[in-house]
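Content type TSV, N, CA and C atoms, from the file work_12.tsv:
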chain	number	residue	atom	x	y	z
S	221	MET	N	-113.34	-133.39	-63.59
S	221	MET	CA	-114.22	-134.29	-64.29
S	221	MET	C	-113.37	-135.29	-65.07
S	222	THR	N	-113.85	-136.53	-65.10
S	222	THR	CA	-113.17	-137.58	-65.84
S	222	THR	C	-114.14	-138.14	-66.87
S	223	THR	N	-113.67	-138.36	-68.08
S	223	THR	CA	-114.47	-138.96	-69.13
S	223	THR	C	-113.90	-140.34	-69.43
S	224	GLN	N	-114.78	-141.30	-69.56
S	224	GLN	CA	-114.35	-142.67	-69.82
S	224	GLN	C	-115.34	-143.31	-70.80
S	225	SER	N	-114.83	-143.98	-71.80
S	225	SER	CA	-115.68	-144.66	-72.78
S	225	SER	C	-115.92	-146.10	-72.35
S	226	PHE	N	-117.14	-146.59	-72.58
S	226	PHE	CA	-117.51	-147.95	-72.25
S	226	PHE	C	-118.03	-148.65	-73.51
S	227	THR	N	-117.87	-149.95	-73.54
S	227	THR	CA	-118.39	-150.77	-74.62
S	227	THR	C	-119.33	-151.81	-74.02
S	228	LYS	N	-120.55	-151.87	-74.55
S	228	LYS	CA	-121.49	-152.90	-74.09
S	228	LYS	C	-121.10	-154.20	-74.78
S	229	MET	N	-120.90	-155.23	-73.97
S	229	MET	CA	-120.45	-156.50	-74.53
S	229	MET	C	-120.89	-157.66	-73.65
S	230	SER	N	-120.57	-158.87	-74.06
S	230	SER	CA	-120.84	-160.05	-73.24
S	230	SER	C	-119.94	-160.00	-72.02
S	231	PRO	N	-120.42	-160.49	-70.88
S	231	PRO	CA	-119.58	-160.47	-69.68
S	231	PRO	C	-118.38	-161.40	-69.84
S	232	PRO	N	-117.25	-161.03	-69.24
S	232	PRO	CA	-116.06	-161.86	-69.34
S	232	PRO	C	-116.19	-163.13	-68.50
S	233	GLN	N	-115.37	-164.11	-68.82
S	233	GLN	CA	-115.43	-165.40	-68.13
S	233	GLN	C	-115.14	-165.27	-66.64
S	234	TRP	N	-114.23	-164.35	-66.25
S	234	TRP	CA	-113.90	-164.21	-64.82
S	234	TRP	C	-115.14	-163.82	-64.02
S	235	LEU	N	-115.99	-162.98	-64.61
S	235	LEU	CA	-117.19	-162.54	-63.90
S	235	LEU	C	-118.22	-163.67	-63.83
S	236	LEU	N	-118.40	-164.37	-64.93
S	236	LEU	CA	-119.32	-165.51	-64.93
S	236	LEU	C	-118.86	-166.59	-63.96
S	237	ASP	N	-117.55	-166.80	-63.88
S	237	ASP	CA	-117.00	-167.79	-62.95
S	237	ASP	C	-117.28	-167.40	-61.49
S	238	MET	N	-117.14	-166.10	-61.19
S	238	MET	CA	-117.40	-165.64	-59.82
S	238	MET	C	-118.87	-165.86	-59.45
S	239	TRP	N	-119.79	-165.46	-60.35
S	239	TRP	CA	-121.22	-165.66	-60.06
S	239	TRP	C	-121.53	-167.14	-59.91
S	240	GLN	N	-120.91	-167.99	-60.75
S	240	GLN	CA	-121.15	-169.43	-60.67
S	240	GLN	C	-120.70	-169.99	-59.33
S	241	GLU	N	-119.58	-169.51	-58.81
S	241	GLU	CA	-119.11	-169.97	-57.50
S	241	GLU	C	-120.12	-169.63	-56.41
S	242	ILE	N	-120.75	-168.47	-56.52
S	242	ILE	CA	-121.76	-168.06	-55.54
S	242	ILE	C	-123.02	-168.92	-55.71
S	243	ASP	N	-123.47	-169.05	-56.97
S	243	ASP	CA	-124.70	-169.81	-57.23
S	243	ASP	C	-124.57	-171.28	-56.82
S	244	ALA	N	-123.38	-171.85	-57.04
S	244	ALA	CA	-123.15	-173.26	-56.70
S	244	ALA	C	-122.74	-173.44	-55.24
S	245	LYS	N	-122.52	-172.34	-54.55
S	245	LYS	CA	-122.09	-172.34	-53.15
S	245	LYS	C	-120.75	-173.07	-52.97
S	246	THR	N	-119.86	-172.92	-53.95
S	246	THR	CA	-118.55	-173.58	-53.89
S	246	THR	C	-117.44	-172.61	-53.47
S	247	PHE	N	-117.53	-171.34	-53.85
S	247	PHE	CA	-116.63	-170.27	-53.42
S	247	PHE	C	-115.15	-170.63	-53.64
S	248	GLY	N	-114.85	-171.18	-54.79
S	248	GLY	CA	-113.49	-171.61	-55.11
S	248	GLY	C	-112.74	-170.65	-56.01
S	249	LYS	N	-112.18	-171.20	-57.11
S	249	LYS	CA	-111.27	-170.46	-57.99
S	249	LYS	C	-111.89	-169.23	-58.63
S	250	GLY	N	-113.20	-169.16	-58.72
S	250	GLY	CA	-113.85	-167.99	-59.30
S	250	GLY	C	-113.56	-166.71	-58.55
S	251	PHE	N	-113.11	-166.82	-57.31
S	251	PHE	CA	-112.77	-165.64	-56.53
S	251	PHE	C	-111.34	-165.18	-56.76
S	252	ASN	N	-110.61	-165.91	-57.60
S	252	ASN	CA	-109.25	-165.49	-57.93
S	252	ASN	C	-109.22	-164.26	-58.83
S	253	CYS	N	-110.39	-163.79	-59.25
S	253	CYS	CA	-110.46	-162.54	-60.02
S	253	CYS	C	-110.15	-161.34	-59.14
S	254	PHE	N	-110.17	-161.53	-57.83
S	254	PHE	CA	-109.90	-160.43	-56.90
S	254	PHE	C	-108.42	-160.37	-56.54
S	255	ALA	N	-107.90	-159.16	-56.45
S	255	ALA	CA	-106.55	-158.97	-55.91
S	255	ALA	C	-106.59	-159.41	-54.44
S	256	GLU	N	-105.46	-159.83	-53.92
S	256	GLU	CA	-105.42	-160.29	-52.52
S	256	GLU	C	-105.91	-159.23	-51.55
S	257	ASP	N	-105.65	-157.94	-51.86
S	257	ASP	CA	-106.05	-156.85	-50.97
S	257	ASP	C	-107.30	-156.12	-51.45
S	258	ALA	N	-108.13	-156.79	-52.25
S	258	ALA	CA	-109.34	-156.16	-52.78
S	258	ALA	C	-110.27	-155.72	-51.66
S	259	VAL	N	-111.09	-154.71	-51.97
S	259	VAL	CA	-112.09	-154.19	-51.04
S	259	VAL	C	-113.46	-154.40	-51.68
S	260	CYS	N	-114.42	-154.82	-50.89
S	260	CYS	CA	-115.78	-155.06	-51.36
S	260	CYS	C	-116.77	-154.28	-50.50
S	261	ASN	N	-117.61	-153.49	-51.16
S	261	ASN	CA	-118.68	-152.77	-50.49
S	261	ASN	C	-120.00	-153.17	-51.14
S	262	LEU	N	-120.68	-154.10	-50.51
S	262	LEU	CA	-122.01	-154.52	-50.96
S	262	LEU	C	-123.00	-154.03	-49.91
S	263	GLY	N	-123.83	-153.08	-50.30
S	263	GLY	CA	-124.72	-152.49	-49.31
S	263	GLY	C	-123.91	-151.89	-48.18
S	264	VAL	N	-124.13	-152.35	-46.96
S	264	VAL	CA	-123.40	-151.84	-45.80
S	264	VAL	C	-122.11	-152.61	-45.52
S	265	ALA	N	-121.85	-153.66	-46.30
S	265	ALA	CA	-120.64	-154.46	-46.08
S	265	ALA	C	-119.39	-153.66	-46.43
S	266	ASP	N	-118.35	-153.85	-45.67
S	266	ASP	CA	-117.04	-153.23	-45.92
S	266	ASP	C	-116.00	-154.30	-45.64
S	267	TRP	N	-115.73	-155.13	-46.66
S	267	TRP	CA	-114.86	-156.28	-46.51
S	267	TRP	C	-113.52	-156.01	-47.18
S	268	HIS	N	-112.44	-156.33	-46.50
S	268	HIS	CA	-111.08	-156.07	-47.00
S	268	HIS	C	-110.32	-157.38	-47.14
S	269	GLY	N	-109.88	-157.65	-48.38
S	269	GLY	CA	-109.11	-158.85	-48.66
S	269	GLY	C	-109.94	-159.92	-49.36
S	270	ARG	N	-109.32	-160.58	-50.35
S	270	ARG	CA	-110.01	-161.61	-51.14
S	270	ARG	C	-110.62	-162.69	-50.26
S	271	GLU	N	-109.88	-163.17	-49.27
S	271	GLU	CA	-110.40	-164.26	-48.44
S	271	GLU	C	-111.54	-163.79	-47.54
S	272	THR	N	-111.48	-162.56	-47.08
S	272	THR	CA	-112.57	-162.00	-46.28
S	272	THR	C	-113.82	-161.86	-47.14
S	273	ILE	N	-113.66	-161.41	-48.39
S	273	ILE	CA	-114.79	-161.30	-49.31
S	273	ILE	C	-115.42	-162.68	-49.52
S	274	ARG	N	-114.58	-163.65	-49.81
S	274	ARG	CA	-115.05	-165.02	-50.06
S	274	ARG	C	-115.83	-165.57	-48.85
S	275	GLU	N	-115.25	-165.44	-47.66
S	275	GLU	CA	-115.87	-166.02	-46.46
S	275	GLU	C	-117.14	-165.29	-46.05
S	276	ASN	N	-117.18	-163.97	-46.20
S	276	ASN	CA	-118.39	-163.23	-45.85
S	276	ASN	C	-119.52	-163.51	-46.83
S	277	LEU	N	-119.21	-163.66	-48.11
S	277	LEU	CA	-120.25	-164.04	-49.07
S	277	LEU	C	-120.76	-165.45	-48.79
S	278	ARG	N	-119.85	-166.35	-48.44
S	278	ARG	CA	-120.26	-167.72	-48.10
S	278	ARG	C	-121.23	-167.68	-46.91
S	279	ALA	N	-120.89	-166.92	-45.89
S	279	ALA	CA	-121.74	-166.82	-44.70
S	279	ALA	C	-123.11	-166.21	-45.04
S	280	PHE	N	-123.11	-165.22	-45.93
S	280	PHE	CA	-124.37	-164.59	-46.32
S	280	PHE	C	-125.25	-165.55	-47.11
S	281	ILE	N	-124.69	-166.22	-48.09
S	281	ILE	CA	-125.46	-167.15	-48.92
S	281	ILE	C	-125.97	-168.32	-48.10
S	282	ASP	N	-125.23	-168.70	-47.06
S	282	ASP	CA	-125.65	-169.83	-46.22
S	282	ASP	C	-126.73	-169.45	-45.21
S	283	THR	N	-127.39	-168.30	-45.40
S	283	THR	CA	-128.44	-167.88	-44.46
S	283	THR	C	-129.82	-168.36	-44.86
S	284	GLY	N	-129.91	-169.33	-45.76
S	284	GLY	CA	-131.21	-169.90	-46.04
S	284	GLY	C	-131.76	-169.65	-47.42
S	285	PHE	N	-130.90	-169.41	-48.41
S	285	PHE	CA	-131.40	-169.26	-49.77
S	285	PHE	C	-130.35	-169.70	-50.78
S	286	THR	N	-130.81	-169.95	-51.99
S	286	THR	CA	-129.93	-170.25	-53.11
S	286	THR	C	-130.10	-169.14	-54.13
S	287	ALA	N	-128.98	-168.68	-54.67
S	287	ALA	CA	-128.98	-167.57	-55.63
S	287	ALA	C	-128.76	-168.09	-57.05
S	288	HIS	N	-129.27	-167.34	-58.01
S	288	HIS	CA	-128.99	-167.61	-59.42
S	288	HIS	C	-128.86	-166.25	-60.12
S	289	HIS	N	-127.63	-165.89	-60.46
S	289	HIS	CA	-127.34	-164.59	-61.08
S	289	HIS	C	-127.56	-164.65	-62.58
S	290	GLN	N	-128.20	-163.61	-63.10
S	290	GLN	CA	-128.46	-163.51	-64.53
S	290	GLN	C	-127.96	-162.17	-65.05
S	291	VAL	N	-127.35	-162.21	-66.20
S	291	VAL	CA	-126.81	-161.02	-66.85
S	291	VAL	C	-127.92	-160.30	-67.60
S	292	VAL	N	-128.05	-159.00	-67.37
S	292	VAL	CA	-128.91	-158.15	-68.18
S	292	VAL	C	-128.03	-157.38	-69.16
S	293	GLU	N	-126.98	-156.75	-68.61
S	293	GLU	CA	-126.02	-156.05	-69.47
S	293	GLU	C	-124.69	-155.90	-68.75
S	294	TYR	N	-123.64	-155.78	-69.56
S	294	TYR	CA	-122.28	-155.63	-69.06
S	294	TYR	C	-121.60	-154.56	-69.90
S	295	TRP	N	-121.00	-153.59	-69.19
S	295	TRP	CA	-120.29	-152.48	-69.84
S	295	TRP	C	-118.83	-152.52	-69.44
S	296	ASP	N	-117.95	-152.41	-70.43
S	296	ASP	CA	-116.52	-152.59	-70.20
S	296	ASP	C	-115.73	-151.34	-70.57
S	297	SER	N	-114.75	-151.03	-69.74
S	297	SER	CA	-113.73	-150.04	-70.05
S	297	SER	C	-112.42	-150.60	-69.49
S	298	ALA	N	-111.34	-149.90	-69.71
S	298	ALA	CA	-110.04	-150.42	-69.27
S	298	ALA	C	-109.96	-150.60	-67.75
S	299	SER	N	-110.45	-149.64	-67.00
S	299	SER	CA	-110.25	-149.68	-65.55
S	299	SER	C	-111.51	-149.93	-64.73
S	300	LEU	N	-112.68	-149.89	-65.37
S	300	LEU	CA	-113.94	-150.05	-64.66
S	300	LEU	C	-114.89	-150.92	-65.47
S	301	LYS	N	-115.48	-151.91	-64.81
S	301	LYS	CA	-116.45	-152.81	-65.43
S	301	LYS	C	-117.77	-152.62	-64.70
S	302	ILE	N	-118.88	-152.53	-65.44
S	302	ILE	CA	-120.19	-152.34	-64.83
S	302	ILE	C	-121.09	-153.50	-65.23
S	303	PHE	N	-121.69	-154.13	-64.23
S	303	PHE	CA	-122.58	-155.27	-64.44
S	303	PHE	C	-123.96	-154.90	-63.94
S	304	HIS	N	-124.97	-155.16	-64.77
S	304	HIS	CA	-126.36	-155.01	-64.36
S	304	HIS	C	-127.03	-156.36	-64.58
S	305	GLY	N	-127.74	-156.82	-63.59
S	305	GLY	CA	-128.40	-158.10	-63.72
S	305	GLY	C	-129.49	-158.27	-62.69
S	306	THR	N	-129.92	-159.51	-62.56
S	306	THR	CA	-130.89	-159.87	-61.53
S	306	THR	C	-130.33	-161.07	-60.79
S	307	VAL	N	-130.83	-161.25	-59.59
S	307	VAL	CA	-130.44	-162.44	-58.84
S	307	VAL	C	-131.73	-163.12	-58.36
S	308	GLY	N	-131.94	-164.31	-58.88
S	308	GLY	CA	-133.07	-165.11	-58.42
S	308	GLY	C	-132.72	-165.67	-57.04
S	309	MET	N	-133.61	-165.51	-56.10
S	309	MET	CA	-133.38	-165.99	-54.74
S	309	MET	C	-134.49	-166.97	-54.38
S	310	THR	N	-134.11	-168.24	-54.21
S	310	THR	CA	-135.03	-169.28	-53.79
S	310	THR	C	-134.70	-169.62	-52.35
S	311	PHE	N	-135.69	-169.49	-51.48
S	311	PHE	CA	-135.46	-169.64	-50.05
S	311	PHE	C	-135.69	-171.08	-49.59
S	312	ASP	N	-134.91	-171.48	-48.60
S	312	ASP	CA	-135.07	-172.81	-48.02
S	312	ASP	C	-136.44	-172.97	-47.37
S	313	ASP	N	-136.96	-171.89	-46.81
S	313	ASP	CA	-138.29	-171.89	-46.19
S	313	ASP	C	-139.34	-171.80	-47.29
S	314	PRO	N	-140.14	-172.86	-47.51
S	314	PRO	CA	-141.13	-172.84	-48.59
S	314	PRO	C	-142.21	-171.77	-48.40
S	315	GLY	N	-142.30	-171.19	-47.21
S	315	GLY	CA	-143.27	-170.14	-46.96
S	315	GLY	C	-142.83	-168.78	-47.48
S	316	ILE	N	-141.58	-168.66	-47.88
S	316	ILE	CA	-141.07	-167.39	-48.43
S	316	ILE	C	-141.05	-167.52	-49.94
S	317	PRO	N	-141.82	-166.68	-50.62
S	317	PRO	CA	-141.84	-166.78	-52.09
S	317	PRO	C	-140.49	-166.36	-52.69
S	318	PRO	N	-140.14	-166.94	-53.84
S	318	PRO	CA	-138.90	-166.55	-54.52
S	318	PRO	C	-138.90	-165.06	-54.85
S	319	LYS	N	-137.72	-164.48	-54.89
S	319	LYS	CA	-137.54	-163.06	-55.23
S	319	LYS	C	-136.57	-162.96	-56.39
S	320	GLN	N	-136.61	-161.85	-57.12
S	320	GLN	CA	-135.67	-161.62	-58.21
S	320	GLN	C	-135.33	-160.14	-58.27
S	321	PRO	N	-134.53	-159.65	-57.29
S	321	PRO	CA	-134.18	-158.23	-57.29
S	321	PRO	C	-133.17	-157.88	-58.38
S	322	SER	N	-133.21	-156.63	-58.75
S	322	SER	CA	-132.23	-156.07	-59.68
S	322	SER	C	-130.94	-155.79	-58.93
S	323	MET	N	-129.82	-155.79	-59.65
S	323	MET	CA	-128.54	-155.48	-59.01
S	323	MET	C	-127.64	-154.77	-60.01
S	324	VAL	N	-126.76	-153.95	-59.46
S	324	VAL	CA	-125.73	-153.25	-60.24
S	324	VAL	C	-124.43	-153.36	-59.48
S	325	HIS	N	-123.36	-153.67	-60.20
S	325	HIS	CA	-122.05	-153.83	-59.59
S	325	HIS	C	-121.00	-153.08	-60.39
S	326	PHE	N	-120.11	-152.42	-59.68
S	326	PHE	CA	-118.97	-151.73	-60.27
S	326	PHE	C	-117.71	-152.48	-59.86
S	327	PHE	N	-116.89	-152.84	-60.84
S	327	PHE	CA	-115.64	-153.54	-60.58
S	327	PHE	C	-114.50	-152.65	-61.05
S	328	TYR	N	-113.74	-152.12	-60.10
S	328	TYR	CA	-112.57	-151.30	-60.40
S	328	TYR	C	-111.37	-152.23	-60.47
S	329	MET	N	-110.67	-152.17	-61.60
S	329	MET	CA	-109.57	-153.09	-61.82
S	329	MET	C	-108.28	-152.57	-61.18
S	330	ASN	N	-107.44	-153.51	-60.78
S	330	ASN	CA	-106.18	-153.22	-60.11
S	330	ASN	C	-105.22	-152.53	-61.09
S	331	LYS	N	-104.63	-151.43	-60.69
S	331	LYS	CA	-103.72	-150.69	-61.56
S	331	LYS	C	-102.46	-151.49	-61.88
S	332	ALA	N	-101.94	-152.23	-60.91
S	332	ALA	CA	-100.73	-153.02	-61.11
S	332	ALA	C	-101.00	-154.28	-61.94
S	333	ASP	N	-102.19	-154.86	-61.81
S	333	ASP	CA	-102.57	-156.06	-62.54
S	333	ASP	C	-104.02	-155.90	-62.98
S	334	PRO	N	-104.24	-155.31	-64.17
S	334	PRO	CA	-105.61	-155.04	-64.64
S	334	PRO	C	-106.49	-156.26	-64.84
S	335	SER	N	-105.95	-157.46	-64.68
S	335	SER	CA	-106.77	-158.66	-64.77
S	335	SER	C	-107.45	-158.99	-63.45
S	336	LYS	N	-107.12	-158.24	-62.39
S	336	LYS	CA	-107.68	-158.47	-61.05
S	336	LYS	C	-108.55	-157.29	-60.62
S	337	VAL	N	-109.59	-157.60	-59.86
S	337	VAL	CA	-110.48	-156.58	-59.30
S	337	VAL	C	-109.87	-156.06	-58.01
S	338	SER	N	-109.74	-154.73	-57.89
S	338	SER	CA	-109.22	-154.16	-56.65
S	338	SER	C	-110.34	-153.64	-55.75
S	339	ARG	N	-111.48	-153.27	-56.36
S	339	ARG	CA	-112.60	-152.78	-55.55
S	339	ARG	C	-113.90	-153.18	-56.22
S	340	TRP	N	-114.81	-153.70	-55.41
S	340	TRP	CA	-116.12	-154.13	-55.88
S	340	TRP	C	-117.16	-153.38	-55.08
S	341	ILE	N	-117.99	-152.61	-55.78
S	341	ILE	CA	-119.08	-151.88	-55.15
S	341	ILE	C	-120.37	-152.38	-55.79
S	342	GLY	N	-121.33	-152.79	-54.96
S	342	GLY	CA	-122.55	-153.32	-55.53
S	342	GLY	C	-123.77	-153.02	-54.69
S	343	ALA	N	-124.90	-153.05	-55.38
S	343	ALA	CA	-126.18	-152.85	-54.70
S	343	ALA	C	-127.18	-153.86	-55.27
S	344	VAL	N	-127.93	-154.48	-54.39
S	344	VAL	CA	-128.94	-155.48	-54.76
S	344	VAL	C	-130.23	-155.12	-54.04
S	345	GLY	N	-131.32	-155.20	-54.78
S	345	GLY	CA	-132.61	-155.08	-54.14
S	345	GLY	C	-133.20	-153.69	-54.20
S	346	PRO	N	-134.14	-153.47	-53.33
S	346	PRO	CA	-134.53	-154.31	-52.18
S	346	PRO	C	-135.34	-155.52	-52.62
S	347	ILE	N	-135.40	-156.52	-51.74
S	347	ILE	CA	-136.18	-157.72	-52.06
S	347	ILE	C	-137.62	-157.59	-51.54
S	348	GLY	N	-137.91	-156.51	-50.88
S	348	GLY	CA	-139.27	-156.28	-50.40
S	348	GLY	C	-139.36	-154.95	-49.69
S	349	PHE	N	-140.56	-154.47	-49.54
S	349	PHE	CA	-140.78	-153.20	-48.84
S	349	PHE	C	-141.60	-153.44	-47.59

Would you kindly transcribe this structure into structure tokens?
Amino acid sequence: MTTQSFTKMSPPQWLLDMWQEIDAKTFGKGFNCFAEDAVCNLGVADWHGRETIRENLRAFIDTGFTAHHQVVEYWDSASLKIFHGTVGMTFDDPGIPPKQPSMVHFFYMNKADPSKVSRWIGAVGPIGF
């Protein structure tokens, strides 16, 4: 068993920058929060490497919607960061009503460089049943 203390606080700028890159569909410097060899598991995704994460998220977001991430709460510890929020999804097809699913993300920080994310595990939704 491992015990770890967390502090509820405002989200750090690196996390806000990453969400902004996704929301603006720019996918630029905000992804520098990831180590080059970071691993991302979002739902069934299993992406390895910062550039693979960036390109797969770009491809996903380009499937016909615009996202807007909102912070509900952020919990911080030395090696693990936990984000809970919602993502507003506005679809290009006006026949699809907007959605706002809940999401939770775990960011495991790199042991060699704790300013970088080494593993990102997240779950969003579902957006419908």

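Proximity to Ser225 (chain S) was assessed for S:Asp333, S:Asp266, S:Asp312, S:Asp296 counting all atoms listed in the file; the smallest distance is recorded for S:Asp296.
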
*Quick one: residues within 7 Å of (-110.4, -158.0, -47.0) (file frame), counting all atoms listed in the file, please, as number ranges by chain.*
S: 256-260, 266-273

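Between Ile281 (chain S) and the candidates S:Met329, S:Ala343, S:Val324, S:Ile242, the tightest atom-to-atom separation, counting all atoms listed in the file, involves S:Ile242.
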
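Take the candidates S:Leu262, S:Val307, S:Ala244, S:Ile316 and check each one against Val291 (chain S) using only N, CA and C atoms; the shortest distance goes to S:Val307.
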
*asked:* To test your reading of the structure, identify every residue in chain S that backbone DSSP assigns to alpha helix (DSSP H), and report it as an MDAnalysis selection string.
replied: chainID S and resid 233:243 270:281

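Distances to Asn330 (chain S) were evaluated for S:Met238, S:Tyr294, S:Ser299, S:Pro318 using all atoms listed in the file, and the minimum falls at S:Ser299.
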
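Using only N, CA and C atoms for every distance, the candidate list S:Pro334, S:Gly308, S:Pro317, S:Gly342 yields S:Gly308 as the residue closest to His288 (chain S).
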
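When only C-alpha atoms are used to measure the gap to Asp282 (chain S), the shortest distance among S:His304, S:Lys336, S:Phe247, S:Pro314 belongs to S:Phe247.
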
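For the atom pair formed by atom C of Glu293 (chain S) and CA of Pro231 (chain S), the distance is 6.9 Å, given to one decimal.
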
Mind filling out region 276-292 of chain S with N, CA, C and O atoms and sending it as a PDB file, in the frame of the given file?
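Output contents, as saved in selection-v7.pdb:
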ATOM      1  N   ASN S 276    -117.180-163.970 -46.200  1.00  0.00           N
ATOM      2  CA  ASN S 276    -118.390-163.230 -45.850  1.00  0.00           C
ATOM      3  C   ASN S 276    -119.520-163.510 -46.830  1.00  0.00           C
ATOM      4  O   ASN S 276    -120.691-163.600 -46.427  1.00  0.00           O
ATOM      5  N   LEU S 277    -119.210-163.660 -48.110  1.00  0.00           N
ATOM      6  CA  LEU S 277    -120.250-164.040 -49.070  1.00  0.00           C
ATOM      7  C   LEU S 277    -120.760-165.450 -48.790  1.00  0.00           C
ATOM      8  O   LEU S 277    -121.960-165.707 -48.881  1.00  0.00           O
ATOM      9  N   ARG S 278    -119.850-166.350 -48.440  1.00  0.00           N
ATOM     10  CA  ARG S 278    -120.260-167.720 -48.100  1.00  0.00           C
ATOM     11  C   ARG S 278    -121.230-167.680 -46.910  1.00  0.00           C
ATOM     12  O   ARG S 278    -122.280-168.312 -46.926  1.00  0.00           O
ATOM     13  N   ALA S 279    -120.890-166.920 -45.890  1.00  0.00           N
ATOM     14  CA  ALA S 279    -121.740-166.820 -44.700  1.00  0.00           C
ATOM     15  C   ALA S 279    -123.110-166.210 -45.040  1.00  0.00           C
ATOM     16  O   ALA S 279    -124.138-166.653 -44.536  1.00  0.00           O
ATOM     17  N   PHE S 280    -123.110-165.220 -45.930  1.00  0.00           N
ATOM     18  CA  PHE S 280    -124.370-164.590 -46.320  1.00  0.00           C
ATOM     19  C   PHE S 280    -125.250-165.550 -47.110  1.00  0.00           C
ATOM     20  O   PHE S 280    -126.437-165.701 -46.816  1.00  0.00           O
ATOM     21  N   ILE S 281    -124.690-166.220 -48.090  1.00  0.00           N
ATOM     22  CA  ILE S 281    -125.460-167.150 -48.920  1.00  0.00           C
ATOM     23  C   ILE S 281    -125.970-168.320 -48.100  1.00  0.00           C
ATOM     24  O   ILE S 281    -127.031-168.869 -48.367  1.00  0.00           O
ATOM     25  N   ASP S 282    -125.230-168.700 -47.060  1.00  0.00           N
ATOM     26  CA  ASP S 282    -125.650-169.830 -46.220  1.00  0.00           C
ATOM     27  C   ASP S 282    -126.730-169.450 -45.210  1.00  0.00           C
ATOM     28  O   ASP S 282    -126.990-170.192 -44.282  1.00  0.00           O
ATOM     29  N   THR S 283    -127.390-168.300 -45.400  1.00  0.00           N
ATOM     30  CA  THR S 283    -128.440-167.880 -44.460  1.00  0.00           C
ATOM     31  C   THR S 283    -129.820-168.360 -44.860  1.00  0.00           C
ATOM     32  O   THR S 283    -130.817-167.830 -44.388  1.00  0.00           O
ATOM     33  N   GLY S 284    -129.910-169.330 -45.760  1.00  0.00           N
ATOM     34  CA  GLY S 284    -131.210-169.900 -46.040  1.00  0.00           C
ATOM     35  C   GLY S 284    -131.760-169.650 -47.420  1.00  0.00           C
ATOM     36  O   GLY S 284    -132.984-169.690 -47.623  1.00  0.00           O
ATOM     37  N   PHE S 285    -130.900-169.410 -48.410  1.00  0.00           N
ATOM     38  CA  PHE S 285    -131.400-169.260 -49.770  1.00  0.00           C
ATOM     39  C   PHE S 285    -130.350-169.700 -50.780  1.00  0.00           C
ATOM     40  O   PHE S 285    -129.168-169.819 -50.453  1.00  0.00           O
ATOM     41  N   THR S 286    -130.810-169.950 -51.990  1.00  0.00           N
ATOM     42  CA  THR S 286    -129.930-170.250 -53.110  1.00  0.00           C
ATOM     43  C   THR S 286    -130.100-169.140 -54.130  1.00  0.00           C
ATOM     44  O   THR S 286    -131.221-168.703 -54.398  1.00  0.00           O
ATOM     45  N   ALA S 287    -128.980-168.680 -54.670  1.00  0.00           N
ATOM     46  CA  ALA S 287    -128.980-167.570 -55.630  1.00  0.00           C
ATOM     47  C   ALA S 287    -128.760-168.090 -57.050  1.00  0.00           C
ATOM     48  O   ALA S 287    -128.130-169.139 -57.247  1.00  0.00           O
ATOM     49  N   HIS S 288    -129.270-167.340 -58.010  1.00  0.00           N
ATOM     50  CA  HIS S 288    -128.990-167.610 -59.420  1.00  0.00           C
ATOM     51  C   HIS S 288    -128.860-166.250 -60.120  1.00  0.00           C
ATOM     52  O   HIS S 288    -129.851-165.536 -60.299  1.00  0.00           O
ATOM     53  N   HIS S 289    -127.630-165.890 -60.460  1.00  0.00           N
ATOM     54  CA  HIS S 289    -127.340-164.590 -61.080  1.00  0.00           C
ATOM     55  C   HIS S 289    -127.560-164.650 -62.580  1.00  0.00           C
ATOM     56  O   HIS S 289    -127.154-165.604 -63.234  1.00  0.00           O
ATOM     57  N   GLN S 290    -128.200-163.610 -63.100  1.00  0.00           N
ATOM     58  CA  GLN S 290    -128.460-163.510 -64.530  1.00  0.00           C
ATOM     59  C   GLN S 290    -127.960-162.170 -65.050  1.00  0.00           C
ATOM     60  O   GLN S 290    -128.170-161.133 -64.412  1.00  0.00           O
ATOM     61  N   VAL S 291    -127.350-162.210 -66.200  1.00  0.00           N
ATOM     62  CA  VAL S 291    -126.810-161.020 -66.850  1.00  0.00           C
ATOM     63  C   VAL S 291    -127.920-160.300 -67.600  1.00  0.00           C
ATOM     64  O   VAL S 291    -128.666-160.921 -68.363  1.00  0.00           O
ATOM     65  N   VAL S 292    -128.050-159.000 -67.370  1.00  0.00           N
ATOM     66  CA  VAL S 292    -128.910-158.150 -68.180  1.00  0.00           C
ATOM     67  C   VAL S 292    -128.030-157.380 -69.160  1.00  0.00           C
ATOM     68  O   VAL S 292    -128.264-157.353 -70.353  1.00  0.00           O
TER      69      VAL S 292
END
